[in-house]
Amino acid sequence: MSSSDGDLLGHPRGLTYLFGSEMWERFSYYGMRVLLPVYCLQYLLLPGHAAHVMGFDTMKRAMEHVYGALVTPQQLQSAIYGSYTALVYATPLIGGYLADRWFGRRYTVVVGGILMAIGHFLMAFENYFYFALLFLIIGNGGFKPNISTQVGGLYKAGDHRIDRAYSIFYVGINLGALIGQNICGAFGDAQLWSYGFGAAGVGMLIGTLVYLFALRILPHDRPVRATQQTPRPSLSRTDWRAVIILWLLFVPGCIFWAAYEQSGNTVEVWSAERVDRLVALGSWSFTLSIGTIQSVNAICILAFTPLVIAFWHWQEKRGREPSAINKMALGYVILSLSYLILAAAQYAAGSGQVNWIWSIVFFAVYTLGELYFSPVGLSLYAKAAPKQVAALMMAVFLATSFPGNFLAGWLGTYYSLLGPTKFFLLVALVAAAPAPIFWAFDRPLRRLQQRQTGEADMLRAMPYRTPIE
């Protein structure tokens, strides 16, 4: 893609359309997700409704094989949430492979968008609940990875604008989440479930139409069916050590998401049941919707990201910036602190309701933990992984979300058994537990990266061409 198609604010016009399409897709995803826990507890799983869901008993038995006995409605709701979000992170691996090898990204995105729109509209009919989730899971696998990849396809190799392009694209993700959670969440507060799911479906249709309109200026892609494998350079002993360490960090990486994903699961349930959401401003008062509270995370990401980056730059100039793995360890600690805040707030309130301000404080601290872990993790795996297996190791980090969300669903089943205070203390403990593991790996990784740099410099100095080049 070149500027011949017309640049807009220094970037190809295709970026504007991809931004819009992704924004509406995230509107639909987060709008539906904010409805899911309260919809299950306040409607679907109540007597007289669950019996109408096709395959209800079969799916409940299947989930009990994964999560154990699901006695209370909240336990079943947590299992549904954990299974759905986990599979949403698993199918993009399949969707990306099918697009690369068989169907092409453009076709796969369109089909994925249509399937997701169907899934959202089916959510309005309780009978087809599990079929709706299936459409959403499969559709997301086709849409999500392939539209993100096309952002890079707008730029030529070496174009310095690509980093800023993905930053702009990331703004679209959070803007869509912010709007979707507020609009769909408002319908949820009014228990207008069909309208909320319908709004998510309309958002997905708009996102697909925006993408279809953009096809004329997006780069063409043809699936690649490799007929000959290029020999891969062998890994050195230092490379193997780096690979082993990155794999060893997989399990503690999963635990981060197990704690992190409670925000859309048990924290949302807690907000609906235990938080006084009335905002009184003199003679004027209003009630915060669940979606508005959930959207604080997106607001904080947009607000805190430049501040955190500036803070790291300030530390760097003074020689005090932590290493990537130490930042991730701090991410665990900060995430743990956010759940300690919830536990303390609920303990102070006793059996009463907690003031809405504590939800805002929670999400502010929670978001800092996310910013110290998630984007930094991408950087760590990109820098530490040997070049021969860089893509594979990046997939390893991203794949932590798959078992992590299953763990989130399982952990969430203890909410109704322990009560909010004890449960949030448990989540805080789970979140903090991997931090010492990451700190322990800081020195070994530093040494390995120094050796990798030395080996690369030595090979580049050789008079003949080497695989690393």
# chains A, B, ... in the order shown; residues from 1 in each chain; ligands from 1
>>> closest_atom_pairs(of="segment 83-161 of chain A", to="segment 9-13 of chain A", cutoff="9 Å", atoms="only C-alpha atoms", output="Markdown table")
| residue | atom | partner | partner_atom | distance |
| --- | --- | --- | --- | --- |
| A:Leu154 | CA | A:Pro12 | CA | 6.8 |
| A:Tyr155 | CA | A:Pro12 | CA | 8.0 |
| A:Arg161 | CA | A:His11 | CA | 7.6 |
>>> select_by_dssp(residues="segment 77-325 of chain A", states="helix (DSSP H, G or I)", output="JSON, numbers by chain")
{"A": [77, 78, 79, 80, 81, 82, 83, 84, 85, 86, 87, 88, 89, 90, 91, 92, 93, 94, 95, 96, 97, 98, 99, 100, 101, 102, 103, 105, 106, 107, 108, 109, 110, 111, 112, 113, 114, 115, 116, 117, 118, 119, 120, 121, 122, 126, 127, 128, 129, 130, 131, 132, 133, 134, 135, 136, 137, 138, 139, 140, 141, 142, 143, 144, 145, 146, 147, 148, 149, 150, 151, 152, 153, 162, 163, 164, 165, 166, 167, 168, 169, 170, 171, 172, 173, 174, 175, 176, 177, 178, 179, 180, 181, 182, 183, 184, 185, 186, 187, 188, 189, 193, 194, 195, 196, 197, 198, 199, 200, 201, 202, 203, 204, 205, 206, 207, 208, 209, 210, 211, 212, 213, 214, 215, 216, 217, 237, 238, 239, 240, 241, 242, 243, 244, 245, 246, 247, 248, 250, 251, 252, 253, 254, 255, 256, 257, 258, 259, 260, 261, 262, 263, 264, 266, 267, 268, 269, 270, 271, 272, 273, 274, 290, 291, 292, 293, 294, 296, 297, 298, 299, 300, 301, 302, 303, 304, 305, 306, 307, 308, 309, 310, 311, 312, 313, 314, 315, 316, 317, 324, 325]}
>>> residues_around(residues="Leu218 of chain A", least_positions_apart="5", cutoff="10 Å", atoms="only C-alpha atoms", output="list in words")
Met1, Asp5, Pro12, Arg13, Gly14, Leu15, Tyr17, Leu18, Arg106, Gln150, Val151, Gly153, Leu154, Tyr211, Leu212 and Phe213 of chain A
>>> write_last_selection(atoms="all heavy atoms", output="CSV table (one decimal), in the first residue's frame")
chain,number,residue,atom,x,y,z
A,1,MET,N,0.9,-1.2,0.0
A,1,MET,CA,0.0,0.0,0.0
A,1,MET,C,0.9,1.2,0.0
A,1,MET,O,1.8,1.4,0.8
A,1,MET,CB,-0.9,0.0,1.2
A,1,MET,CG,-1.9,1.1,1.3
A,1,MET,SD,-3.2,0.7,0.1
A,1,MET,CE,-4.3,2.1,0.3
A,5,ASP,N,-2.8,5.9,-3.0
A,5,ASP,CA,-4.2,5.8,-2.6
A,5,ASP,C,-4.7,6.9,-1.7
A,5,ASP,O,-5.8,7.0,-1.3
A,5,ASP,CB,-4.5,4.4,-1.9
A,5,ASP,CG,-4.2,3.2,-2.8
A,5,ASP,OD1,-5.0,3.1,-3.7
A,5,ASP,OD2,-3.3,2.5,-2.5
A,12,PRO,N,-1.8,6.0,5.3
A,12,PRO,CA,-2.7,5.5,4.3
A,12,PRO,C,-4.1,5.6,4.7
A,12,PRO,O,-4.4,5.3,5.9
A,12,PRO,CB,-2.2,4.1,4.0
A,12,PRO,CG,-0.8,4.0,4.5
A,12,PRO,CD,-0.7,5.0,5.7
A,13,ARG,N,-5.0,5.9,3.8
A,13,ARG,CA,-6.4,6.0,4.1
A,13,ARG,C,-7.0,4.6,4.6
A,13,ARG,O,-7.9,4.6,5.4
A,13,ARG,CB,-7.2,6.4,2.9
A,13,ARG,CG,-7.0,7.9,2.5
A,13,ARG,CD,-7.9,8.3,1.4
A,13,ARG,NE,-7.7,9.7,1.1
A,13,ARG,CZ,-8.4,10.7,1.7
A,13,ARG,NH1,-9.3,10.4,2.6
A,13,ARG,NH2,-8.2,11.9,1.3
A,14,GLY,N,-6.4,3.6,4.2
A,14,GLY,CA,-6.8,2.2,4.7
A,14,GLY,C,-6.8,2.1,6.2
A,14,GLY,O,-7.6,1.4,6.8
A,15,LEU,N,-5.9,2.8,6.8
A,15,LEU,CA,-5.8,2.7,8.3
A,15,LEU,C,-7.0,3.3,8.9
A,15,LEU,O,-7.5,2.8,9.9
A,15,LEU,CB,-4.6,3.5,8.8
A,15,LEU,CG,-4.3,3.5,10.3
A,15,LEU,CD1,-4.1,2.1,10.8
A,15,LEU,CD2,-3.2,4.4,10.7
A,17,TYR,N,-10.1,3.2,7.8
A,17,TYR,CA,-11.2,2.2,7.7
A,17,TYR,C,-10.9,1.0,8.6
A,17,TYR,O,-11.9,0.5,9.2
A,17,TYR,CB,-11.3,1.7,6.2
A,17,TYR,CG,-11.8,2.8,5.3
A,17,TYR,CD1,-11.0,3.4,4.3
A,17,TYR,CD2,-13.1,3.2,5.3
A,17,TYR,CE1,-11.4,4.4,3.5
A,17,TYR,CE2,-13.6,4.2,4.4
A,17,TYR,CZ,-12.7,4.8,3.5
A,17,TYR,OH,-13.2,5.7,2.7
A,18,LEU,N,-9.7,0.6,8.7
A,18,LEU,CA,-9.4,-0.5,9.6
A,18,LEU,C,-9.6,-0.1,11.0
A,18,LEU,O,-10.1,-0.9,11.9
A,18,LEU,CB,-7.9,-1.0,9.4
A,18,LEU,CG,-7.6,-1.7,8.1
A,18,LEU,CD1,-6.2,-2.1,8.0
A,18,LEU,CD2,-8.5,-2.9,7.8
A,106,ARG,N,-8.8,-11.1,3.5
A,106,ARG,CA,-10.0,-10.3,3.2
A,106,ARG,C,-11.3,-11.1,3.3
A,106,ARG,O,-12.2,-10.7,4.0
A,106,ARG,CB,-9.9,-9.7,1.8
A,106,ARG,CG,-8.7,-8.7,1.7
A,106,ARG,CD,-8.2,-8.6,0.2
A,106,ARG,NE,-9.2,-8.1,-0.7
A,106,ARG,CZ,-9.2,-6.9,-1.1
A,106,ARG,NH1,-8.3,-6.0,-0.7
A,106,ARG,NH2,-10.1,-6.5,-2.0
A,150,GLN,N,-3.5,-6.8,8.6
A,150,GLN,CA,-3.6,-6.0,7.5
A,150,GLN,C,-3.2,-4.6,7.7
A,150,GLN,O,-2.9,-3.8,6.8
A,150,GLN,CB,-5.1,-6.0,6.9
A,150,GLN,CG,-5.4,-7.3,6.2
A,150,GLN,CD,-6.8,-7.3,5.7
A,150,GLN,OE1,-7.1,-6.7,4.6
A,150,GLN,NE2,-7.7,-8.0,6.4
A,151,VAL,N,-3.1,-4.2,9.0
A,151,VAL,CA,-2.6,-2.9,9.3
A,151,VAL,C,-1.1,-2.8,8.9
A,151,VAL,O,-0.7,-1.8,8.2
A,151,VAL,CB,-2.7,-2.6,10.8
A,151,VAL,CG1,-1.9,-1.3,11.2
A,151,VAL,CG2,-4.1,-2.5,11.3
A,153,GLY,N,0.2,-4.5,6.5
A,153,GLY,CA,0.2,-4.6,5.1
A,153,GLY,C,0.0,-3.3,4.4
A,153,GLY,O,0.2,-3.2,3.1
A,154,LEU,N,-0.4,-2.3,5.1
A,154,LEU,CA,-0.6,-0.9,4.5
A,154,LEU,C,0.7,-0.2,4.2
A,154,LEU,O,0.8,0.8,3.5
A,154,LEU,CB,-1.4,-0.1,5.4
A,154,LEU,CG,-2.9,-0.5,5.6
A,154,LEU,CD1,-3.6,0.3,6.7
A,154,LEU,CD2,-3.7,-0.4,4.3
A,211,TYR,N,-15.5,-2.3,6.7
A,211,TYR,CA,-14.4,-3.1,6.1
A,211,TYR,C,-14.7,-3.4,4.6
A,211,TYR,O,-13.8,-3.3,3.8
A,211,TYR,CB,-14.3,-4.4,6.9
A,211,TYR,CG,-13.1,-5.3,6.3
A,211,TYR,CD1,-11.8,-5.0,6.7
A,211,TYR,CD2,-13.4,-6.3,5.4
A,211,TYR,CE1,-10.8,-5.7,6.2
A,211,TYR,CE2,-12.3,-7.1,4.9
A,211,TYR,CZ,-11.0,-6.8,5.3
A,211,TYR,OH,-10.0,-7.5,4.8
A,212,LEU,N,-15.9,-3.7,4.3
A,212,LEU,CA,-16.3,-4.0,2.9
A,212,LEU,C,-16.0,-2.7,2.0
A,212,LEU,O,-15.6,-2.8,0.9
A,212,LEU,CB,-17.7,-4.5,2.8
A,212,LEU,CG,-18.0,-5.9,3.2
A,212,LEU,CD1,-19.5,-6.1,3.3
A,212,LEU,CD2,-17.4,-6.9,2.2
A,213,PHE,N,-16.4,-1.6,2.6
A,213,PHE,CA,-16.2,-0.3,1.9
A,213,PHE,C,-14.7,-0.1,1.7
A,213,PHE,O,-14.3,0.6,0.7
A,213,PHE,CB,-16.8,0.8,2.6
A,213,PHE,CG,-16.8,2.1,1.9
A,213,PHE,CD1,-17.8,2.3,0.9
A,213,PHE,CD2,-15.9,3.1,2.2
A,213,PHE,CE1,-17.8,3.5,0.2
A,213,PHE,CE2,-16.0,4.3,1.5
A,213,PHE,CZ,-16.9,4.5,0.5
>>> residues_around(residues="segment 234-248 of chain A", least_positions_apart="6", cutoff="7 Å", atoms="only C-alpha atoms", output="list of chain:residue names")
A:Ala384, A:Ala385, A:Pro386, A:Leu448, A:Gln452
>>> write_last_selection(atoms="N, CA and C atoms", output="compact mmCIF listing (two decimals), in the first residue's frame")
# COMPACT_ATOMS: atom_id res chain seq x y z
N ALA A 384 13.90 -11.40 23.68
CA ALA A 384 14.64 -12.54 24.22
C ALA A 384 14.59 -13.77 23.34
N ALA A 385 13.56 -13.89 22.51
CA ALA A 385 13.42 -15.10 21.69
C ALA A 385 14.45 -15.12 20.57
N PRO A 386 15.08 -16.26 20.31
CA PRO A 386 15.98 -16.38 19.16
C PRO A 386 15.23 -16.07 17.86
N LEU A 448 21.68 -14.14 29.30
CA LEU A 448 21.42 -14.77 28.01
C LEU A 448 21.33 -13.74 26.89
N GLN A 452 23.56 -13.54 23.59
CA GLN A 452 22.97 -13.52 22.26
C GLN A 452 23.50 -12.34 21.45
>>> closest_residue(among="A:Asn182, A:Phe187, A:Gly253, A:Val66", to="Phe402 of chain A", atoms="only C-alpha atoms")
A:Gly253
>>> atom_distance(atom1="atom CA of Ala303 of chain A", atom2="atom CA of Pro375 of chain A")
15.5 Å
>>> select_by_dssp(residues="segment 240-408 of chain A", states="strand (DSSP E or B)", output="JSON, numbers by chain")
{"A": [275, 276, 278, 279, 280, 281, 284, 285, 286, 287, 354, 355]}
>>> write_last_selection(atoms="all heavy atoms", output="mmCIF file, in the first residue's frame")
data_model
loop_
_atom_site.group_PDB
_atom_site.id
_atom_site.type_symbol
_atom_site.label_atom_id
_atom_site.label_comp_id
_atom_site.auth_asym_id
_atom_site.auth_seq_id
_atom_site.Cartn_x
_atom_site.Cartn_y
_atom_site.Cartn_z
ATOM 1 N N VAL A 275 -22.311 -2.885 45.088
ATOM 2 C CA VAL A 275 -21.800 -1.515 44.947
ATOM 3 C C VAL A 275 -22.969 -0.539 44.880
ATOM 4 O O VAL A 275 -23.919 -0.726 44.107
ATOM 5 C CB VAL A 275 -20.919 -1.370 43.685
ATOM 6 C CG1 VAL A 275 -20.525 0.091 43.476
ATOM 7 C CG2 VAL A 275 -19.680 -2.240 43.814
ATOM 8 N N ASP A 276 -22.881 0.500 45.699
ATOM 9 C CA ASP A 276 -23.842 1.602 45.627
ATOM 10 C C ASP A 276 -23.401 2.510 44.491
ATOM 11 O O ASP A 276 -22.432 3.256 44.612
ATOM 12 C CB ASP A 276 -23.855 2.358 46.958
ATOM 13 C CG ASP A 276 -24.822 3.532 46.947
ATOM 14 O OD1 ASP A 276 -25.545 3.710 45.942
ATOM 15 O OD2 ASP A 276 -24.862 4.282 47.944
ATOM 16 N N LEU A 278 -25.040 4.976 43.067
ATOM 17 C CA LEU A 278 -25.699 6.285 43.017
ATOM 18 C C LEU A 278 -24.667 7.401 43.181
ATOM 19 O O LEU A 278 -23.938 7.453 44.167
ATOM 20 C CB LEU A 278 -26.751 6.391 44.119
ATOM 21 C CG LEU A 278 -27.526 7.719 44.183
ATOM 22 C CD1 LEU A 278 -28.367 7.921 42.929
ATOM 23 C CD2 LEU A 278 -28.393 7.773 45.436
ATOM 24 N N VAL A 279 -24.623 8.300 42.218
ATOM 25 C CA VAL A 279 -23.718 9.447 42.251
ATOM 26 C C VAL A 279 -24.547 10.687 42.580
ATOM 27 O O VAL A 279 -25.451 11.051 41.818
ATOM 28 C CB VAL A 279 -22.991 9.627 40.904
ATOM 29 C CG1 VAL A 279 -22.059 10.831 40.965
ATOM 30 C CG2 VAL A 279 -22.223 8.369 40.541
ATOM 31 N N ALA A 280 -24.265 11.305 43.705
ATOM 32 C CA ALA A 280 -25.014 12.490 44.130
ATOM 33 C C ALA A 280 -24.139 13.724 44.005
ATOM 34 O O ALA A 280 -23.080 13.818 44.631
ATOM 35 C CB ALA A 280 -25.488 12.321 45.570
ATOM 36 N N LEU A 281 -24.578 14.648 43.175
ATOM 37 C CA LEU A 281 -23.859 15.908 42.969
ATOM 38 C C LEU A 281 -24.811 17.050 43.316
ATOM 39 O O LEU A 281 -25.470 17.634 42.449
ATOM 40 C CB LEU A 281 -23.369 16.022 41.519
ATOM 41 C CG LEU A 281 -22.423 14.921 41.034
ATOM 42 C CD1 LEU A 281 -22.162 15.063 39.537
ATOM 43 C CD2 LEU A 281 -21.109 14.965 41.806
ATOM 44 N N TRP A 284 -28.465 17.126 41.994
ATOM 45 C CA TRP A 284 -28.513 16.275 40.801
ATOM 46 C C TRP A 284 -27.878 14.926 41.143
ATOM 47 O O TRP A 284 -26.793 14.861 41.721
ATOM 48 C CB TRP A 284 -27.747 16.941 39.656
ATOM 49 C CG TRP A 284 -27.770 16.161 38.379
ATOM 50 C CD1 TRP A 284 -28.853 15.650 37.737
ATOM 51 C CD2 TRP A 284 -26.633 15.809 37.575
ATOM 52 N NE1 TRP A 284 -28.478 15.000 36.584
ATOM 53 C CE2 TRP A 284 -27.113 15.085 36.453
ATOM 54 C CE3 TRP A 284 -25.259 16.032 37.690
ATOM 55 C CZ2 TRP A 284 -26.281 14.594 35.467
ATOM 56 C CZ3 TRP A 284 -24.426 15.549 36.706
ATOM 57 C CH2 TRP A 284 -24.933 14.846 35.611
ATOM 58 N N SER A 285 -28.534 13.859 40.792
ATOM 59 C CA SER A 285 -28.002 12.528 41.056
ATOM 60 C C SER A 285 -28.342 11.594 39.911
ATOM 61 O O SER A 285 -29.329 11.804 39.190
ATOM 62 C CB SER A 285 -28.557 11.975 42.374
ATOM 63 O OG SER A 285 -29.959 11.807 42.286
ATOM 64 N N PHE A 286 -27.531 10.591 39.742
ATOM 65 C CA PHE A 286 -27.762 9.568 38.718
ATOM 66 C C PHE A 286 -27.070 8.289 39.162
ATOM 67 O O PHE A 286 -26.223 8.298 40.064
ATOM 68 C CB PHE A 286 -27.242 10.011 37.350
ATOM 69 C CG PHE A 286 -25.763 10.271 37.303
ATOM 70 C CD1 PHE A 286 -24.866 9.286 36.892
ATOM 71 C CD2 PHE A 286 -25.245 11.513 37.665
ATOM 72 C CE1 PHE A 286 -23.505 9.512 36.850
ATOM 73 C CE2 PHE A 286 -23.876 11.755 37.629
ATOM 74 C CZ PHE A 286 -23.011 10.753 37.227
ATOM 75 N N THR A 287 -27.445 7.185 38.520
ATOM 76 C CA THR A 287 -26.880 5.882 38.855
ATOM 77 C C THR A 287 -25.941 5.419 37.746
ATOM 78 O O THR A 287 -26.313 5.427 36.562
ATOM 79 C CB THR A 287 -27.998 4.840 39.051
ATOM 80 O OG1 THR A 287 -28.856 5.262 40.100
ATOM 81 C CG2 THR A 287 -27.401 3.479 39.414
ATOM 82 N N VAL A 354 -20.808 -1.043 48.997
ATOM 83 C CA VAL A 354 -19.556 -0.293 48.887
ATOM 84 C C VAL A 354 -19.782 0.910 47.974
ATOM 85 O O VAL A 354 -20.448 0.803 46.942
ATOM 86 C CB VAL A 354 -18.442 -1.196 48.311
ATOM 87 C CG1 VAL A 354 -17.158 -0.398 48.091
ATOM 88 C CG2 VAL A 354 -18.194 -2.377 49.237
ATOM 89 N N ASN A 355 -19.228 2.040 48.345
ATOM 90 C CA ASN A 355 -19.354 3.241 47.521
ATOM 91 C C ASN A 355 -18.697 3.034 46.160
ATOM 92 O O ASN A 355 -17.646 2.404 46.049
ATOM 93 C CB ASN A 355 -18.717 4.439 48.236
ATOM 94 C CG ASN A 355 -19.013 5.751 47.538
ATOM 95 O OD1 ASN A 355 -18.386 6.099 46.549
ATOM 96 N ND2 ASN A 355 -19.989 6.479 48.063
#
>>> residues_around(residues="segment 318-333 of chain A", least_positions_apart="2", cutoff="7 Å", atoms="only C-alpha atoms", output="PyMOL selection string")
chain A and resi 256+312+314-316+335-337+369-370+372-373+376-377+380+431-432+435+438-439+442
>>> closest_residue(among="A:Asp221, A:Arg61, A:Thr16, A:Gly139", to="Arg101 of chain A", atoms="only C-alpha atoms")
A:Asp221
>>> residues_around(residues="Asn265 of chain A", least_positions_apart="3", cutoff="12 Å", atoms="only C-alpha atoms", output="PyMOL selection string")
chain A and resi 33-41+74-85+258-262+268-272+290+294+405-415
>>> closest_residue(among="A:Ala132, A:Ser374, A:Ile334, A:Val296", to="Ile357 of chain A", atoms="only C-alpha atoms")
A:Val296
>>> closest_residue(among="A:His120, A:Arg105, A:His313, A:Lys383", to="Ser148 of chain A", atoms="only C-alpha atoms")
A:Arg105
>>> residues_around(residues="Leu93 of chain A", least_positions_apart="6", cutoff="9 Å", atoms="only C-alpha atoms", output="JSON list (two decimals) with C-alpha atoms, in the first residue's frame")
[["chain", "number", "residue", "atom", "x", "y", "z"],
["A", 141, "GLY", "CA", -11.23, -16.38, 15.05],
["A", 145, "PRO", "CA", -6.14, -11.80, 13.74],
["A", 395, "ALA", "CA", 2.57, -17.11, 20.00],
["A", 399, "ALA", "CA", -1.41, -18.27, 24.12]]
>>> closest_residue(among="A:Phe121, A:Tyr30, A:Phe143, A:Tyr347", to="Gly96 of chain A", atoms="only C-alpha atoms")
A:Phe143
>>> closest_residue(among="A:Thr149, A:Thr72, A:Ser194, A:Thr292", to="Ala165 of chain A", atoms="only C-alpha atoms")
A:Thr149
